[in-house]
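Below is target_35.cif, which holds mmCIF, C-alpha atoms and all ligand atoms.
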data_target
#
loop_
_atom_site.label_atom_id
_atom_site.label_comp_id
_atom_site.auth_asym_id
_atom_site.auth_seq_id
_atom_site.Cartn_x
_atom_site.Cartn_y
_atom_site.Cartn_z
CA MET A 1 65.83 -34.75 287.07
CA GLN A 2 64.30 -33.89 283.70
CA LYS A 3 63.61 -36.88 281.42
CA PRO A 4 65.82 -37.05 278.34
CA GLU A 5 64.02 -36.04 275.15
CA TYR A 6 64.31 -39.44 273.47
CA ASP A 7 62.27 -41.11 276.25
CA GLU A 8 59.44 -38.71 275.52
CA TYR A 9 59.63 -39.55 271.82
CA GLU A 10 59.61 -43.25 272.59
CA LEU A 11 56.41 -42.89 274.62
CA GLN A 12 54.85 -40.92 271.78
CA ARG A 13 55.96 -43.57 269.29
CA ARG A 14 54.30 -46.32 271.34
CA GLU A 15 51.11 -44.30 271.43
CA MET A 16 51.29 -43.79 267.63
CA VAL A 17 51.57 -47.57 267.14
CA ARG A 18 48.64 -48.13 269.52
CA GLN A 19 46.56 -45.70 267.45
CA LEU A 20 47.57 -47.41 264.20
CA ARG A 21 46.25 -50.70 265.61
CA LEU A 22 42.97 -48.98 266.51
CA TYR A 23 42.73 -47.64 262.95
CA GLY A 24 43.00 -51.21 261.63
CA ILE A 25 46.69 -51.69 260.83
CA VAL A 26 47.28 -55.34 261.73
CA ASN A 27 50.49 -56.31 259.96
CA GLU A 28 52.98 -56.97 262.77
CA ARG A 29 56.03 -56.40 260.55
CA VAL A 30 54.72 -52.96 259.69
CA LEU A 31 53.89 -52.12 263.31
CA LYS A 32 57.33 -53.30 264.43
CA ALA A 33 59.02 -51.01 261.89
CA PHE A 34 56.87 -48.09 263.09
CA SER A 35 57.92 -48.74 266.67
CA GLU A 36 61.61 -48.89 265.71
CA VAL A 37 62.08 -46.01 263.25
CA GLU A 38 62.46 -42.66 265.03
CA ARG A 39 59.94 -40.62 263.06
CA HIS A 40 60.93 -37.30 264.68
CA ARG A 41 64.34 -37.50 262.96
CA PHE A 42 62.63 -37.00 259.59
CA PHE A 43 61.01 -33.71 260.59
CA ILE A 44 62.23 -30.15 260.18
CA PRO A 45 62.78 -28.49 263.60
CA GLU A 46 59.65 -26.29 263.40
CA TYR A 47 57.38 -29.36 263.25
CA ARG A 48 59.36 -31.94 265.22
CA ASN A 49 57.03 -31.74 268.23
CA ARG A 50 54.21 -32.95 265.95
CA ALA A 51 56.12 -35.97 264.66
CA TYR A 52 53.87 -38.56 266.31
CA GLU A 53 50.52 -36.92 265.61
CA ASP A 54 48.42 -38.53 262.91
CA CYS A 55 48.75 -35.70 260.43
CA ALA A 56 50.79 -34.77 257.37
CA CYS A 57 53.35 -32.02 258.12
CA PRO A 58 55.42 -29.63 256.00
CA ILE A 59 59.02 -30.65 255.26
CA GLY A 60 59.86 -27.52 253.26
CA TYR A 61 59.79 -26.68 249.53
CA GLY A 62 55.99 -27.06 249.44
CA GLN A 63 56.16 -30.81 250.28
CA THR A 64 54.89 -32.93 253.17
CA ILE A 65 55.68 -36.03 255.16
CA SER A 66 52.59 -38.24 254.90
CA GLN A 67 50.58 -39.00 258.04
CA PRO A 68 51.54 -42.22 259.86
CA PHE A 69 48.27 -43.95 258.93
CA THR A 70 48.85 -43.34 255.21
CA VAL A 71 52.42 -44.67 255.37
CA ALA A 72 51.26 -47.70 257.39
CA TYR A 73 48.36 -48.35 254.99
CA MET A 74 50.55 -48.30 251.87
CA THR A 75 53.29 -50.31 253.55
CA SER A 76 50.76 -52.95 254.63
CA MET A 77 49.48 -53.20 251.07
CA LEU A 78 53.02 -53.82 249.89
CA ALA A 79 53.89 -56.27 252.69
CA GLU A 80 50.78 -58.39 252.01
CA ARG A 81 51.62 -58.68 248.32
CA CYS A 82 55.40 -58.82 248.37
CA PRO A 83 56.99 -59.78 251.68
CA SER A 84 60.61 -59.34 250.51
CA GLY A 85 62.81 -58.25 247.62
CA ASN A 86 63.72 -55.02 245.94
CA VAL A 87 61.37 -52.08 246.24
CA LEU A 88 61.35 -48.71 244.53
CA GLU A 89 59.83 -45.66 246.19
CA ILE A 90 58.94 -42.60 244.12
CA GLY A 91 58.94 -39.39 246.18
CA THR A 92 61.65 -39.65 248.86
CA GLY A 93 60.37 -36.51 250.64
CA SER A 94 61.55 -36.72 254.25
CA GLY A 95 62.94 -40.26 253.84
CA TYR A 96 60.56 -41.75 256.42
CA GLN A 97 58.72 -44.18 254.13
CA ALA A 98 62.03 -45.44 252.72
CA ALA A 99 63.40 -45.90 256.26
CA ILE A 100 60.32 -47.93 257.23
CA LEU A 101 60.78 -50.20 254.20
CA ASP A 102 64.47 -50.59 255.03
CA ALA A 103 63.63 -51.52 258.64
CA MET A 104 61.36 -54.27 257.25
CA GLY A 105 64.27 -55.80 255.37
CA TYR A 106 63.51 -54.74 251.80
CA GLU A 107 66.27 -53.69 249.42
CA VAL A 108 65.13 -50.10 248.92
CA ARG A 109 65.76 -47.43 246.31
CA SER A 110 64.06 -44.06 246.29
CA VAL A 111 63.80 -41.23 243.75
CA GLU A 112 63.15 -37.54 244.55
CA ARG A 113 62.85 -34.67 242.05
CA LEU A 114 63.77 -31.81 244.41
CA PRO A 115 67.54 -31.46 244.97
CA GLU A 116 67.18 -29.89 248.44
CA LEU A 117 65.14 -32.84 249.77
CA HIS A 118 67.34 -35.41 248.01
CA GLU A 119 70.47 -33.92 249.60
CA ARG A 120 68.92 -33.57 253.04
CA VAL A 121 67.86 -37.24 253.07
CA ALA A 122 71.21 -38.42 251.70
CA LYS A 123 72.91 -36.68 254.66
CA LEU A 124 70.37 -38.02 257.18
CA PHE A 125 70.65 -41.60 255.91
CA GLY A 126 74.43 -41.28 256.14
CA GLU A 127 74.14 -40.19 259.78
CA LEU A 128 71.61 -42.92 260.64
CA GLY A 129 73.43 -45.64 258.67
CA ILE A 130 70.37 -46.39 256.51
CA PRO A 131 71.54 -48.19 253.33
CA VAL A 132 68.79 -46.95 250.98
CA GLU A 133 70.08 -45.94 247.55
CA LEU A 134 68.84 -42.48 246.54
CA ARG A 135 68.52 -40.83 243.18
CA LEU A 136 67.72 -37.29 242.14
CA GLY A 137 65.42 -37.23 239.12
CA ASP A 138 61.98 -37.70 237.66
CA GLY A 139 60.57 -40.77 239.38
CA SER A 140 57.58 -40.94 237.04
CA LEU A 141 60.11 -42.67 234.74
CA GLY A 142 61.16 -45.10 237.49
CA TRP A 143 64.76 -46.26 237.88
CA PRO A 144 65.21 -48.71 234.98
CA GLU A 145 68.80 -49.71 235.76
CA HIS A 146 67.69 -51.70 238.83
CA ALA A 147 64.38 -53.06 237.45
CA PRO A 148 62.47 -55.32 237.76
CA TYR A 149 61.06 -54.46 241.19
CA GLN A 150 58.91 -56.72 243.37
CA GLY A 151 57.24 -53.59 244.69
CA ILE A 152 56.91 -49.95 243.65
CA ILE A 153 55.36 -47.38 246.01
CA VAL A 154 54.51 -43.93 244.67
CA THR A 155 53.98 -41.37 247.44
CA ALA A 156 52.71 -38.54 245.24
CA ALA A 157 49.47 -38.19 243.27
CA ALA A 158 49.59 -39.32 239.64
CA PRO A 159 47.10 -38.35 236.93
CA ARG A 160 47.31 -41.91 235.57
CA ILE A 161 49.53 -44.98 236.04
CA PRO A 162 52.93 -44.22 234.46
CA HIS A 163 53.85 -46.76 231.74
CA ALA A 164 57.48 -46.77 232.83
CA LEU A 165 56.53 -47.97 236.31
CA LYS A 166 54.33 -50.76 234.92
CA GLU A 167 57.19 -51.91 232.73
CA GLN A 168 59.62 -51.98 235.66
CA LEU A 169 57.45 -54.31 237.77
CA ALA A 170 58.66 -57.89 238.24
CA ASP A 171 56.35 -60.77 237.37
CA GLY A 172 54.14 -61.11 240.48
CA GLY A 173 55.15 -57.61 241.62
CA SER A 174 52.78 -54.84 242.76
CA LEU A 175 52.66 -51.10 242.11
CA ILE A 176 50.91 -49.03 244.80
CA ILE A 177 49.98 -45.57 243.61
CA PRO A 178 47.43 -42.85 244.43
CA VAL A 179 45.70 -41.86 241.17
CA GLY A 180 43.63 -38.72 240.74
CA GLY A 181 43.55 -34.93 240.78
CA ALA A 182 43.66 -32.23 243.43
CA GLU A 183 40.21 -33.18 244.76
CA GLY A 184 41.55 -36.56 245.99
CA GLN A 185 43.19 -39.71 244.72
CA VAL A 186 42.15 -43.34 244.78
CA MET A 187 44.74 -45.72 246.17
CA THR A 188 45.37 -48.11 243.32
CA VAL A 189 47.23 -51.42 243.25
CA LEU A 190 48.42 -52.88 239.99
CA THR A 191 49.73 -56.44 240.12
CA ARG A 192 51.64 -57.99 237.26
CA GLU A 193 51.19 -61.56 236.08
CA GLY A 194 53.34 -62.02 232.98
CA TYR A 195 51.98 -59.58 230.45
CA THR A 196 48.70 -59.14 232.32
CA PHE A 197 48.03 -56.43 234.93
CA HIS A 198 45.27 -56.64 237.55
CA LYS A 199 43.99 -53.38 238.98
CA ASP A 200 42.31 -52.93 242.38
CA THR A 201 41.15 -49.64 243.87
CA PHE A 202 40.80 -48.70 247.53
CA GLU A 203 40.23 -45.62 249.73
CA THR A 204 40.70 -41.98 248.74
CA PHE A 205 43.70 -39.98 249.96
CA ALA A 206 45.22 -36.52 249.45
CA PHE A 207 48.82 -36.36 248.21
CA VAL A 208 50.97 -33.63 246.70
CA PRO A 209 51.27 -34.05 242.91
CA LEU A 210 53.69 -36.31 241.08
CA VAL A 211 55.34 -33.75 238.79
CA GLY A 212 57.11 -35.21 235.79
CA ARG A 213 57.06 -36.62 232.26
CA GLU A 214 54.54 -39.33 233.20
CA GLY A 215 53.00 -37.30 236.03
CA TRP A 216 51.49 -33.83 236.11
CA ARG A 217 53.11 -31.06 234.11
CA ARG A 218 53.76 -28.00 236.27
CA ASP A 219 50.91 -26.14 234.59
CA ASP A 220 48.33 -29.00 234.70
N1 LIG A 301 57.50 -40.57 251.00
C1 LIG A 301 57.72 -39.28 251.60
C2 LIG A 301 58.06 -39.35 253.07
O1 LIG A 301 58.14 -40.47 253.61
O2 LIG A 301 58.29 -38.30 253.63
C3 LIG A 301 56.58 -38.33 251.40
C4 LIG A 301 56.47 -37.91 250.01
S1 LIG A 301 55.73 -36.36 249.68
C5 LIG A 301 54.04 -36.68 250.08
C6 LIG A 301 55.85 -36.48 247.91
C7 LIG A 301 57.23 -36.31 247.38
O3 LIG A 301 57.22 -36.65 245.99
C8 LIG A 301 57.75 -34.88 247.46
O4 LIG A 301 58.98 -34.86 248.12
C9 LIG A 301 57.90 -34.47 246.00
O5 LIG A 301 58.94 -33.56 245.75
C10 LIG A 301 58.14 -35.81 245.34
N2 LIG A 301 57.87 -35.88 243.91
C11 LIG A 301 56.88 -35.29 243.19
N3 LIG A 301 57.00 -35.60 241.88
C12 LIG A 301 58.09 -36.42 241.77
C13 LIG A 301 58.73 -37.09 240.69
N4 LIG A 301 58.29 -37.00 239.42
N5 LIG A 301 59.81 -37.83 240.96
C14 LIG A 301 60.30 -37.95 242.21
N6 LIG A 301 59.74 -37.34 243.27
C15 LIG A 301 58.64 -36.59 243.06
#

Conversion result in structure tokens:
Amino acid sequence: MQKPEYDEYELQRREMVRQLRLYGIVNERVLKAFSEVERHRFFIPEYRNRAYEDCACPIGYGQTISQPFTVAYMTSMLAERCPSGNVLEIGTGSGYQAAILDAMGYEVRSVERLPELHERVAKLFGELGIPVELRLGDGSLGWPEHAPYQGIIVTAAAPRIPHALKEQLADGGSLIIPVGGAEGQVMTVLTREGYTFHKDTFETFAFVPLVGREGWRRDD
């Protein structure tokens, strides 16, 4: 008898987690979330068979779902600095990063600027029973009504750190954001201590642009 499809995906998911360990992801909470969340559900049908490969894939409308390593890397950075609390994601995209954060027990909100992606994820989260609150809008301005946030993760490339996001960080909170142009962006962590902000920079990545008032203008 032919194996059901979900068994195949589960095997692939285990292999993805094994690879993440080899690449240096050590946070067990992060790895547990990666083994639980069904990544293939966040893919469009044309790319679903690539869901567990370590690559970014198109999700439509010129956008991508980030590769597993990138999601695991950013999530680990967050988990090390803020183990619990309310977290804001900018750039809902496929919804995968938000679902990982939800599986780790954070109170998650996520902002997306493209209506088609926002609506698709709202429907998917409804079907999967994922309680992440979603908003359609310009995430470079954050989501002030629910601030302050213990953590903010930006999953699109910003030309500079948006002031609004700094202001919406809780005392002791961290903002994780790739900063730079089309040639590559430096993963940057800004941690707030009262009115002081500490900045650390890490590896270089390649994200689609953060388009908005405090991001790139369309014609930048
Ligand atoms: N986190 C996503 C996931 O798990 O699939 C991947 C995000 S994708 C690399 C970047 C997303 O940021 C795109 O969906 C894009 O439309 C969105 N984006 C770009 N500028 C934005 C802005 N100003 N506000 C909100 N979303 C934005």

How many Å separate atom CA of Asp200 of chain A from atom CA of Gln150 of chain A?
17.1 Å

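Take the candidates A:Leu128, A:Phe207, A:Glu214, A:Gly151 and check each one against Thr191 of chain A using all atoms listed in the file; the shortest distance goes to A:Gly151.
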
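With all atoms listed in the file as the atoms that count, the residue of A:Pro45, A:Gly173, A:Pro178, A:Gly93 with the shortest distance to Thr196 of chain A is A:Gly173.
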
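Closest approach to Ile153 of chain A from the set A:Met77, A:Ile65, A:Ile90, A:Val179 is made by A:Ile90, with distances taken over all atoms listed in the file.
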
Would you mind listing the residues within 7 Å of ligand LIG 301 (chain A), counting all atoms listed in the file, as an MDAnalysis selection string?
chainID A and resid 63:66 90:98 111:114 117 137:140 155:156 207:212 215

Would you compute the distance between atom CA of Val154 of chain A and atom CA of Asn86 of chain A? Give it in Å to one decimal.
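Separating atom CA of Val154 of chain A from atom CA of Asn86 of chain A is a distance of 14.5 Å.
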
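Among the candidates A:Tyr47, A:Pro131, A:Phe205, A:Phe69, the residue lying nearest to Leu22 of chain A is A:Phe69 (atoms considered: all atoms listed in the file).
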
So how many Å separate atom CA of Ile59 of chain A and atom CA of Arg39 of chain A, to one decimal?
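These atoms are spaced 12.7 Å apart.
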
Extract, using all atoms listed in the file, all DNA, RNA and protein residues at most 6 Å from segment 169-171 of chain A, discarding same-chain residues fewer than 2 positions from it, and format them as a count of residues only.
9

Given the choices A:Pro115, A:Gly172, A:Pro159, A:Gly129, which gets closest to Thr188 of chain A if the distance is worked out from all atoms listed in the file?
A:Pro159
